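**Student:** So here's structure-v6.cif (mmCIF, C-alpha atoms).
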```
data_my_file
loop_
_atom_site.label_atom_id
_atom_site.label_comp_id
_atom_site.auth_asym_id
_atom_site.auth_seq_id
_atom_site.Cartn_x
_atom_site.Cartn_y
_atom_site.Cartn_z
CA MET S 1 0.00 0.00 0.00
CA GLN S 2 1.30 3.41 -0.93
CA ASP S 3 1.80 5.72 2.04
CA ASN S 4 0.11 8.61 0.26
CA ILE S 5 -3.06 6.64 -0.63
CA LEU S 6 -5.97 6.38 1.78
CA ASN S 7 -8.30 3.42 1.21
CA VAL S 8 -11.83 4.03 2.48
CA LEU S 9 -14.68 1.53 2.75
CA PHE S 10 -18.01 3.39 2.77
CA ILE S 11 -20.95 1.12 3.61
CA GLY S 12 -24.55 1.91 2.70
CA ASP S 13 -27.48 2.22 5.13
CA VAL S 14 -27.30 -0.70 7.58
CA VAL S 15 -30.82 -2.02 8.23
CA GLY S 16 -31.50 -3.85 11.48
CA ARG S 17 -30.12 -7.19 12.60
CA PRO S 18 -29.65 -8.61 9.07
CA GLY S 19 -27.47 -5.61 8.20
CA ARG S 20 -25.44 -5.78 11.39
CA ARG S 21 -24.86 -9.50 10.84
CA LEU S 22 -23.34 -8.85 7.42
CA LEU S 23 -21.00 -6.16 8.76
CA ARG S 24 -19.56 -8.75 11.11
CA GLU S 25 -19.15 -11.19 8.22
CA PHE S 26 -17.79 -8.96 5.47
CA ILE S 27 -15.84 -6.08 7.03
CA PRO S 28 -12.77 -8.15 8.06
CA PRO S 29 -12.19 -9.80 4.65
CA LEU S 30 -12.86 -6.55 2.77
CA LYS S 31 -10.38 -4.68 4.96
CA LYS S 32 -7.79 -7.30 4.10
CA GLU S 33 -8.63 -7.47 0.39
CA PHE S 34 -8.53 -3.72 -0.21
CA SER S 35 -6.04 -2.67 2.52
CA ILE S 36 -8.75 -0.51 4.08
CA ASP S 37 -7.62 2.30 6.39
CA LEU S 38 -11.00 3.83 7.28
CA VAL S 39 -14.50 2.31 7.50
CA ILE S 40 -17.59 4.55 7.41
CA ALA S 41 -21.15 3.24 7.64
CA ASN S 42 -24.52 4.96 7.65
CA GLY S 43 -26.24 3.71 10.81
CA GLU S 44 -29.56 5.54 11.03
CA ASN S 45 -31.47 2.25 10.59
CA LEU S 46 -29.39 0.08 12.92
CA ALA S 47 -32.02 -0.49 15.60
CA GLY S 48 -34.96 -2.39 14.13
CA GLY S 49 -34.75 -0.37 10.94
CA PHE S 50 -35.53 2.97 12.57
CA GLY S 51 -32.92 4.91 14.55
CA LEU S 52 -29.92 3.73 16.53
CA THR S 53 -29.04 2.94 20.11
CA SER S 54 -25.77 2.78 22.02
CA GLU S 55 -25.87 -1.00 22.00
CA LYS S 56 -26.28 -1.24 18.23
CA ALA S 57 -23.81 1.54 17.46
CA TYR S 58 -21.06 0.00 19.54
CA GLU S 59 -21.86 -3.42 18.13
CA ILE S 60 -20.91 -2.33 14.61
CA ILE S 61 -17.94 -0.35 15.91
CA SER S 62 -16.70 -3.65 17.36
CA TYR S 63 -16.94 -5.14 13.86
CA GLY S 64 -14.55 -2.51 12.48
CA VAL S 65 -16.64 0.60 11.70
CA ASP S 66 -14.67 3.76 12.53
CA VAL S 67 -17.32 6.43 11.90
CA ILE S 68 -21.13 6.21 11.85
CA THR S 69 -23.07 8.71 9.75
CA SER S 70 -26.85 9.09 9.71
CA GLY S 71 -29.83 11.07 8.45
CA ASN S 72 -33.45 11.84 9.22
CA HIS S 73 -34.07 8.59 11.13
CA VAL S 74 -31.30 9.28 13.64
CA TRP S 75 -33.91 10.90 15.90
CA ASP S 76 -36.24 7.87 16.00
CA LYS S 77 -34.80 6.51 19.26
CA LYS S 78 -34.62 8.89 22.24
CA GLU S 79 -31.41 7.23 23.41
CA ALA S 80 -29.65 8.58 20.33
CA LEU S 81 -29.92 12.16 21.60
CA ASP S 82 -27.44 11.51 24.43
CA LEU S 83 -25.31 9.26 22.23
CA LEU S 84 -24.86 11.99 19.63
CA GLU S 85 -23.65 14.36 22.34
CA GLN S 86 -21.29 11.87 23.94
CA ASP S 87 -19.50 10.18 21.03
CA PRO S 88 -18.03 12.36 18.25
CA ARG S 89 -17.67 9.32 15.96
CA ILE S 90 -21.44 9.15 15.61
CA LEU S 91 -22.77 11.95 13.40
CA ARG S 92 -26.05 13.60 12.51
CA PRO S 93 -26.41 15.86 9.45
CA ALA S 94 -24.55 19.16 9.94
CA ASN S 95 -27.37 21.22 8.45
CA TYR S 96 -29.79 20.55 11.28
CA PRO S 97 -30.12 23.63 13.52
CA LYS S 98 -27.06 24.29 15.67
CA ARG S 99 -29.05 23.65 18.85
CA ALA S 100 -29.83 20.07 17.76
CA PRO S 101 -27.93 17.42 19.74
CA GLY S 102 -24.63 16.18 18.37
CA ARG S 103 -22.44 17.30 15.52
CA GLY S 104 -22.19 16.83 11.78
CA VAL S 105 -18.42 16.74 11.39
CA PHE S 106 -15.73 14.41 12.70
CA LEU S 107 -11.96 14.60 12.24
CA TRP S 108 -10.71 11.01 12.14
CA LYS S 109 -7.00 10.29 12.57
CA ASP S 110 -5.08 7.16 11.68
CA SER S 111 -2.15 5.64 13.58
CA ASN S 112 0.14 8.26 12.03
CA GLU S 113 -2.14 11.07 13.23
CA LYS S 114 -3.03 11.99 9.64
CA PRO S 115 -6.51 13.61 9.79
CA VAL S 116 -9.49 12.88 7.55
CA GLY S 117 -12.64 15.01 7.69
CA ILE S 118 -16.03 13.30 7.57
CA LEU S 119 -19.00 15.59 6.88
CA ASN S 120 -22.63 14.46 7.16
CA LEU S 121 -25.30 16.44 5.27
CA GLN S 122 -28.99 15.94 4.51
CA GLY S 123 -30.99 16.98 1.48
CA ARG S 124 -34.19 19.04 1.61
CA ILE S 125 -36.16 17.79 -1.42
CA PHE S 126 -38.98 15.51 -0.11
CA MET S 127 -37.26 15.73 3.30
CA GLU S 128 -37.48 17.86 6.45
CA PRO S 129 -37.19 21.65 5.87
CA ILE S 130 -33.81 22.12 7.54
CA ASP S 131 -30.90 24.44 6.75
CA CYS S 132 -29.45 24.59 3.24
CA PRO S 133 -26.97 21.71 2.74
CA PHE S 134 -25.06 23.67 0.09
CA GLU S 135 -24.41 26.62 2.39
CA SER S 136 -23.69 24.32 5.33
CA ALA S 137 -21.19 22.42 3.20
CA VAL S 138 -19.29 25.59 2.32
CA ARG S 139 -19.12 26.64 5.96
CA GLU S 140 -17.95 23.27 7.29
CA ILE S 141 -15.50 22.58 4.48
CA GLU S 142 -13.80 25.92 5.02
CA ILE S 143 -13.12 24.92 8.64
CA LEU S 144 -12.01 21.39 7.74
CA LYS S 145 -9.61 22.62 5.05
CA GLU S 146 -7.51 24.24 7.76
CA LYS S 147 -6.79 20.78 9.16
CA THR S 148 -6.89 18.33 6.26
CA SER S 149 -7.01 18.01 2.48
CA VAL S 150 -9.07 14.81 2.67
CA ILE S 151 -12.82 15.31 3.22
CA ILE S 152 -15.54 12.68 2.72
CA VAL S 153 -19.20 13.69 2.55
CA ASP S 154 -22.22 11.49 3.28
CA PHE S 155 -25.11 13.24 1.53
CA HIS S 156 -28.34 11.75 2.84
CA GLY S 157 -31.07 12.64 0.40
CA GLU S 158 -34.17 11.48 -1.44
CA ALA S 159 -33.95 13.31 -4.78
CA THR S 160 -31.33 12.16 -7.25
CA SER S 161 -31.23 15.63 -8.81
CA GLU S 162 -30.27 17.23 -5.50
CA LYS S 163 -27.57 14.63 -4.94
CA VAL S 164 -26.10 15.08 -8.41
CA ALA S 165 -26.21 18.86 -8.00
CA ILE S 166 -24.26 18.84 -4.73
CA GLY S 167 -21.78 16.41 -6.27
CA TRP S 168 -20.98 18.96 -8.97
CA PHE S 169 -21.10 21.82 -6.48
CA LEU S 170 -18.48 20.13 -4.30
CA ASP S 171 -16.29 18.78 -7.11
CA GLY S 172 -12.71 19.77 -6.30
CA LYS S 173 -13.69 20.95 -2.81
CA VAL S 174 -13.92 17.50 -1.19
CA SER S 175 -12.49 14.05 -1.82
CA ALA S 176 -15.81 12.20 -2.11
CA VAL S 177 -19.57 12.75 -2.09
CA ILE S 178 -21.38 9.51 -1.28
CA GLY S 179 -25.18 9.42 -1.45
CA THR S 180 -27.26 7.51 1.10
CA HIS S 181 -30.94 7.17 2.17
CA THR S 182 -32.80 5.45 -0.69
CA HIS S 183 -31.21 2.02 -0.03
CA ILE S 184 -31.07 1.32 -3.77
CA PRO S 185 -27.56 1.41 -5.29
CA THR S 186 -26.97 3.48 -8.40
CA ALA S 187 -24.56 2.61 -11.20
CA ASP S 188 -23.12 6.11 -11.66
CA GLU S 189 -19.94 5.91 -9.58
CA ARG S 190 -17.22 8.08 -11.12
CA ILE S 191 -14.41 10.52 -10.45
CA LEU S 192 -15.64 14.01 -11.33
CA PRO S 193 -13.34 16.27 -13.40
CA LYS S 194 -11.75 18.04 -10.42
CA GLY S 195 -11.03 14.87 -8.45
CA THR S 196 -14.12 14.19 -6.32
CA ALA S 197 -15.37 10.59 -6.14
CA TYR S 198 -19.15 10.46 -6.52
CA ILE S 199 -22.09 8.03 -6.43
CA THR S 200 -25.76 9.01 -6.14
CA ASP S 201 -26.59 6.20 -3.72
CA VAL S 202 -24.35 3.50 -2.30
CA GLY S 203 -27.26 1.17 -1.44
CA MET S 204 -27.98 -0.72 1.77
CA VAL S 205 -26.92 -3.66 3.91
CA GLY S 206 -30.03 -5.64 4.76
CA ALA S 207 -32.51 -8.32 3.78
CA LYS S 208 -32.37 -9.19 0.09
CA ASP S 209 -36.00 -10.14 -0.53
CA SER S 210 -37.45 -7.03 1.07
CA VAL S 211 -38.67 -3.54 0.30
CA ILE S 212 -35.61 -1.45 1.23
CA GLY S 213 -35.04 -3.74 4.22
CA ILE S 214 -38.59 -4.08 5.56
CA LYS S 215 -41.11 -6.90 5.14
CA ARG S 216 -42.63 -6.96 1.67
CA GLU S 217 -46.16 -7.46 2.98
CA ASP S 218 -45.87 -4.43 5.27
CA ALA S 219 -44.78 -2.16 2.44
CA ILE S 220 -47.40 -3.46 0.03
CA THR S 221 -50.16 -3.00 2.62
CA ARG S 222 -49.08 0.59 3.18
CA PHE S 223 -49.17 1.34 -0.54
CA LEU S 224 -52.48 -0.46 -1.09
CA TYR S 225 -54.45 1.18 1.71
CA GLY S 226 -52.53 4.37 2.48
CA ILE S 227 -53.01 4.04 6.23
CA PRO S 228 -50.38 3.94 9.00
CA HIS S 229 -48.90 0.48 9.33
CA ARG S 230 -46.16 -0.78 11.61
CA PHE S 231 -43.13 -1.86 9.61
CA GLU S 232 -41.01 -4.84 10.58
CA ILE S 233 -37.57 -5.86 9.35
CA GLU S 234 -37.50 -8.63 6.75
CA LYS S 235 -35.57 -11.77 7.64
CA GLY S 236 -33.67 -14.21 5.49
CA LYS S 237 -30.56 -13.87 3.35
CA SER S 238 -29.06 -10.41 3.12
CA ILE S 239 -27.02 -8.28 0.74
CA PHE S 240 -24.13 -5.89 1.31
CA TRP S 241 -23.52 -2.78 -0.78
CA ALA S 242 -20.56 -0.43 -0.33
CA VAL S 243 -17.90 1.48 -2.22
CA VAL S 244 -14.13 1.51 -1.88
CA ILE S 245 -12.57 4.92 -2.49
CA ARG S 246 -8.85 5.46 -3.04
CA ILE S 247 -7.75 9.00 -2.14
CA ASP S 248 -4.42 10.78 -2.55
CA ARG S 249 -3.66 12.08 0.93
CA ASN S 250 -1.47 14.89 -0.36
CA THR S 251 -3.90 16.43 -2.83
CA GLY S 252 -7.19 15.23 -1.35
CA LYS S 253 -8.26 14.05 -4.82
CA SER S 254 -9.72 10.61 -5.39
CA VAL S 255 -8.06 8.28 -7.87
CA GLU S 256 -10.64 5.47 -7.87
CA ILE S 257 -14.14 4.56 -6.67
CA LYS S 258 -15.34 0.98 -6.91
CA ARG S 259 -18.76 -0.49 -6.11
CA ILE S 260 -18.72 -3.53 -3.81
CA PHE S 261 -21.47 -6.15 -3.64
CA ARG S 262 -21.58 -9.21 -1.42
CA GLU S 263 -24.42 -11.65 -0.85
CA GLU S 264 -25.04 -13.94 2.06
CA ILE S 265 -24.80 -17.60 1.07
#
```
Represent the structure of the file as structure tokens.

**Tutor:**
Amino acid sequence: MQDNILNVLFIGDVVGRPGRRLLREFIPPLKKEFSIDLVIANGENLAGGFGLTSEKAYEIISYGVDVITSGNHVWDKKEALDLLEQDPRILRPANYPKRAPGRGVFLWKDSNEKPVGILNLQGRIFMEPIDCPFESAVREIEILKEKTSVIIVDFHGEATSEKVAIGWFLDGKVSAVIGTHTHIPTADERILPKGTAYITDVGMVGAKDSVIGIKREDAITRFLYGIPHRFEIEKGKSIFWAVVIRIDRNTGKSVEIKRIFREEI
């Protein structure tokens, strides 16, 4: 492994117990195969598919996750409010109001004390009406640039157009913009012209024969009748979606982004 190359494994939304099980199974061999330095996972669906708890967060940290990002479901469990305040490795989107618990930025350091900035943002199209992610990105990146040239963004959003737009907006300003939230992987991974790795959505880690991780019958009932219905996590074999990003530590530019897919046997 070249000293100036940082290898990052970014894992899509981890959904409930099936998702956590696959992290335990696949993180160690992937770290070995790709000489991974840093593992990031979106954990807003860790606990039963909605929210996260200390127990579930530290479970996946024990499997090798270094930083947990999130999105709109991070608030679904009350326990998360204290967790976000206490552990800087667990993020909520930076463009929530400043008075919201927790933080949206983390400065990770490897064994050589070389810093990497992780920035969590959330879109506004078909989502909560929070602060502008574009303006928040500019503000946070300006601060991070004083400490590191390597910045990775989790952009948690519903609309593909908004995700693509912020990818272009941040091209050359950050090392990578990785989309999360929809749980469906897109096939548009690329290095943008100014060196930013991009994908609209990295996908999920959860039950294969499901509707974005939940029981098929629950989702179909909701769509058929349009009334509130309690969702449960689907069981059975699961799938694992992620990307590996190779970043030049000196320039902060990405040199490769590769989609990763694994399936439980």

**Student:** Identify which of the residues S:Val211, S:Ile143, S:Val105, S:Ile260 lies closest to Gly49 in chain S, counting all atoms listed in the file when measuring atom-to-atom distances.

**Tutor:**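 Distance minimum relative to Gly49 in chain S lands on S:Val211.
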
**Student:** Assuming the chain letters and numbering stay as they are in my file, what does the PyMOL selection byres ((chain S and resi 265) around 10) actually select? List them as a ChimeraX atom specification.

**Tutor:** /S:237-239,262-264

**Student:** How would you write, as number ranges by chain, the residues chosen by the PyMOL selection byres ((chain S and resi 35-43) around 7) on this structure?

**Tutor:** S: 6-14, 31-34, 44-46, 52, 64-70

**Student:** Let me make sure I understand: among S:Met127, S:Val174, S:Ile257, S:Ile90, which one has the smallest atom-to-atom distance to Ile141 in chain S if we use all atoms listed in the file?

**Tutor:**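 Among S:Met127, S:Val174, S:Ile257, S:Ile90, it is S:Val174 that comes nearest to Ile141 in chain S.
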
**Student:** Find the distance between CA of Ser54 in chain S and CA of Pro88 in chain S and write it in Å to one decimal.

**Tutor:**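 Between these atoms lies a distance of 12.9 Å.
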
**Student:** Using all atoms listed in the file, which residue out of S:Thr251, S:Gln86, S:Ser175, S:Ser136 lies closest to Leu192 in chain S?

**Tutor:**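 That would be S:Ser175, the residue with the smallest distance to Leu192 in chain S.
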
**Student:** Using the chain letters and numbers from the file, which residues does the PyMOL selection byres ((chain S and resi 200-205) around 6) grab, as a VMD selection string?

**Tutor:** chain S and resid 12 to 14 19 179 to 180 183 to 186 199 206 239 to 242

**Student:** For CA of Pro228 in chain S and CA of Phe126 in chain S, quote the distance in Å rounded to one decimal.

**Tutor:**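 Between CA of Pro228 in chain S and CA of Phe126 in chain S the gap is 18.6 Å.
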
**Student:** When you draw a straight line from CA of Ala94 in chain S to CA of Ala80 in chain S, how long is it in Å?

**Tutor:** 15.7 Å

**Student:** Need the axis-aligned box for range 238-255 of chain S with 5 Å each side, so what are the centre and edges in Å to one decimal, as AutoDock Vina command-line options?

**Tutor:**
```
--center_x -15.3 --center_y 3.0 --center_z -2.4 --size_x 37.6 --size_y 36.8 --size_z 21.0
```

**Student:** Using all atoms listed in the file, find the one residue out of S:Ile152, S:Leu84, S:Leu119, S:Ile166 that sits nearest to Ile247 in chain S.

**Tutor:** S:Ile152

**Student:** I need every residue sitting at most 10 Å from the point (-38.8, -7.9, 5.5) (coordinates as in the file, only C-alpha atoms considered), written as a ChimeraX atom specification.

**Tutor:** /S:18,206-219,231-236

**Student:** With distances taken over all atoms listed in the file, which of S:Gln122, S:Thr221, S:Asn72, S:Ser149 is nearest to Glu162 in chain S?

**Tutor:** S:Gln122

**Student:** For a cutoff of 12 Å around the file-coordinate point (-11.4, 15.2, 1.0), which residues qualify once you count only C-alpha atoms? I'd like the result as a PyMOL selection string.

**Tutor:** chain S and resi 6+8+107-108+115-119+141-142+144-154+170-178+194-198+245-255

**Student:** Could I get range 199-210 of chain S from the block written out with all heavy atoms, as a PDB file, in the first residue's frame?

**Tutor:**
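Ended up saving to selection16.pdb:
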```pdb
ATOM      1  N   ILE S 199     -21.040   8.997  -6.079  1.00  0.00           N
ATOM      2  CA  ILE S 199     -22.090   8.034  -6.426  1.00  0.00           C
ATOM      3  C   ILE S 199     -23.395   8.564  -5.835  1.00  0.00           C
ATOM      4  O   ILE S 199     -23.420   9.090  -4.720  1.00  0.00           O
ATOM      5  CB  ILE S 199     -21.766   6.613  -5.922  1.00  0.00           C
ATOM      6  CG1 ILE S 199     -22.806   5.606  -6.445  1.00  0.00           C
ATOM      7  CG2 ILE S 199     -21.697   6.569  -4.392  1.00  0.00           C
ATOM      8  CD1 ILE S 199     -22.412   4.151  -6.225  1.00  0.00           C
ATOM      9  N   THR S 200     -24.481   8.456  -6.584  1.00  0.00           N
ATOM     10  CA  THR S 200     -25.755   9.008  -6.139  1.00  0.00           C
ATOM     11  C   THR S 200     -26.309   8.264  -4.928  1.00  0.00           C
ATOM     12  O   THR S 200     -26.817   8.882  -3.997  1.00  0.00           O
ATOM     13  CB  THR S 200     -26.783   8.994  -7.281  1.00  0.00           C
ATOM     14  OG1 THR S 200     -26.283   9.816  -8.353  1.00  0.00           O
ATOM     15  CG2 THR S 200     -28.127   9.535  -6.833  1.00  0.00           C
ATOM     16  N   ASP S 201     -26.223   6.953  -4.925  1.00  0.00           N
ATOM     17  CA  ASP S 201     -26.592   6.196  -3.722  1.00  0.00           C
ATOM     18  C   ASP S 201     -25.797   4.903  -3.652  1.00  0.00           C
ATOM     19  O   ASP S 201     -25.728   4.152  -4.624  1.00  0.00           O
ATOM     20  CB  ASP S 201     -28.088   5.883  -3.673  1.00  0.00           C
ATOM     21  CG  ASP S 201     -28.547   5.611  -2.241  1.00  0.00           C
ATOM     22  OD1 ASP S 201     -28.223   4.522  -1.707  1.00  0.00           O
ATOM     23  OD2 ASP S 201     -29.196   6.481  -1.638  1.00  0.00           O
ATOM     24  N   VAL S 202     -25.215   4.659  -2.490  1.00  0.00           N
ATOM     25  CA  VAL S 202     -24.346   3.496  -2.303  1.00  0.00           C
ATOM     26  C   VAL S 202     -25.153   2.226  -2.040  1.00  0.00           C
ATOM     27  O   VAL S 202     -24.627   1.127  -2.180  1.00  0.00           O
ATOM     28  CB  VAL S 202     -23.345   3.773  -1.160  1.00  0.00           C
ATOM     29  CG1 VAL S 202     -24.039   3.867   0.165  1.00  0.00           C
ATOM     30  CG2 VAL S 202     -22.233   2.734  -1.119  1.00  0.00           C
ATOM     31  N   GLY S 203     -26.448   2.353  -1.693  1.00  0.00           N
ATOM     32  CA  GLY S 203     -27.258   1.175  -1.441  1.00  0.00           C
ATOM     33  C   GLY S 203     -27.417   0.888   0.041  1.00  0.00           C
ATOM     34  O   GLY S 203     -27.258   1.773   0.881  1.00  0.00           O
ATOM     35  N   MET S 204     -27.718  -0.363   0.375  1.00  0.00           N
ATOM     36  CA  MET S 204     -27.977  -0.718   1.772  1.00  0.00           C
ATOM     37  C   MET S 204     -27.270  -2.021   2.125  1.00  0.00           C
ATOM     38  O   MET S 204     -26.748  -2.744   1.264  1.00  0.00           O
ATOM     39  CB  MET S 204     -29.471  -0.860   2.037  1.00  0.00           C
ATOM     40  CG  MET S 204     -30.077  -2.119   1.464  1.00  0.00           C
ATOM     41  SD  MET S 204     -31.748  -2.433   2.088  1.00  0.00           S
ATOM     42  CE  MET S 204     -32.048  -4.052   1.357  1.00  0.00           C
ATOM     43  N   VAL S 205     -27.310  -2.342   3.417  1.00  0.00           N
ATOM     44  CA  VAL S 205     -26.915  -3.658   3.911  1.00  0.00           C
ATOM     45  C   VAL S 205     -28.120  -4.167   4.687  1.00  0.00           C
ATOM     46  O   VAL S 205     -28.450  -3.641   5.757  1.00  0.00           O
ATOM     47  CB  VAL S 205     -25.674  -3.583   4.822  1.00  0.00           C
ATOM     48  CG1 VAL S 205     -25.263  -4.985   5.265  1.00  0.00           C
ATOM     49  CG2 VAL S 205     -24.518  -2.894   4.103  1.00  0.00           C
ATOM     50  N   GLY S 206     -28.808  -5.155   4.132  1.00  0.00           N
ATOM     51  CA  GLY S 206     -30.028  -5.636   4.762  1.00  0.00           C
ATOM     52  C   GLY S 206     -30.624  -6.791   3.998  1.00  0.00           C
ATOM     53  O   GLY S 206     -29.993  -7.352   3.086  1.00  0.00           O
ATOM     54  N   ALA S 207     -31.850  -7.155   4.353  1.00  0.00           N
ATOM     55  CA  ALA S 207     -32.508  -8.322   3.779  1.00  0.00           C
ATOM     56  C   ALA S 207     -32.682  -8.181   2.269  1.00  0.00           C
ATOM     57  O   ALA S 207     -33.158  -7.154   1.779  1.00  0.00           O
ATOM     58  CB  ALA S 207     -33.862  -8.546   4.450  1.00  0.00           C
ATOM     59  N   LYS S 208     -32.323  -9.225   1.547  1.00  0.00           N
ATOM     60  CA  LYS S 208     -32.368  -9.195   0.086  1.00  0.00           C
ATOM     61  C   LYS S 208     -33.791  -9.132  -0.441  1.00  0.00           C
ATOM     62  O   LYS S 208     -34.135  -8.263  -1.249  1.00  0.00           O
ATOM     63  CB  LYS S 208     -31.652 -10.431  -0.469  1.00  0.00           C
ATOM     64  CG  LYS S 208     -31.696 -10.545  -1.982  1.00  0.00           C
ATOM     65  CD  LYS S 208     -31.017 -11.817  -2.464  1.00  0.00           C
ATOM     66  CE  LYS S 208     -31.089 -11.928  -3.982  1.00  0.00           C
ATOM     67  NZ  LYS S 208     -30.461 -13.187  -4.457  1.00  0.00           N
ATOM     68  N   ASP S 209     -34.634 -10.055  -0.020  1.00  0.00           N
ATOM     69  CA  ASP S 209     -36.001 -10.141  -0.534  1.00  0.00           C
ATOM     70  C   ASP S 209     -36.929  -9.290   0.325  1.00  0.00           C
ATOM     71  O   ASP S 209     -37.803  -9.789   1.046  1.00  0.00           O
ATOM     72  CB  ASP S 209     -36.460 -11.599  -0.559  1.00  0.00           C
ATOM     73  CG  ASP S 209     -35.620 -12.431  -1.517  1.00  0.00           C
ATOM     74  OD1 ASP S 209     -35.206 -11.893  -2.560  1.00  0.00           O
ATOM     75  OD2 ASP S 209     -35.388 -13.623  -1.217  1.00  0.00           O
ATOM     76  N   SER S 210     -36.729  -7.986   0.235  1.00  0.00           N
ATOM     77  CA  SER S 210     -37.455  -7.031   1.071  1.00  0.00           C
ATOM     78  C   SER S 210     -37.787  -5.802   0.257  1.00  0.00           C
ATOM     79  O   SER S 210     -37.424  -5.697  -0.918  1.00  0.00           O
ATOM     80  CB  SER S 210     -36.582  -6.631   2.270  1.00  0.00           C
ATOM     81  OG  SER S 210     -35.469  -5.858   1.828  1.00  0.00           O
TER      82      SER S 210
END
```
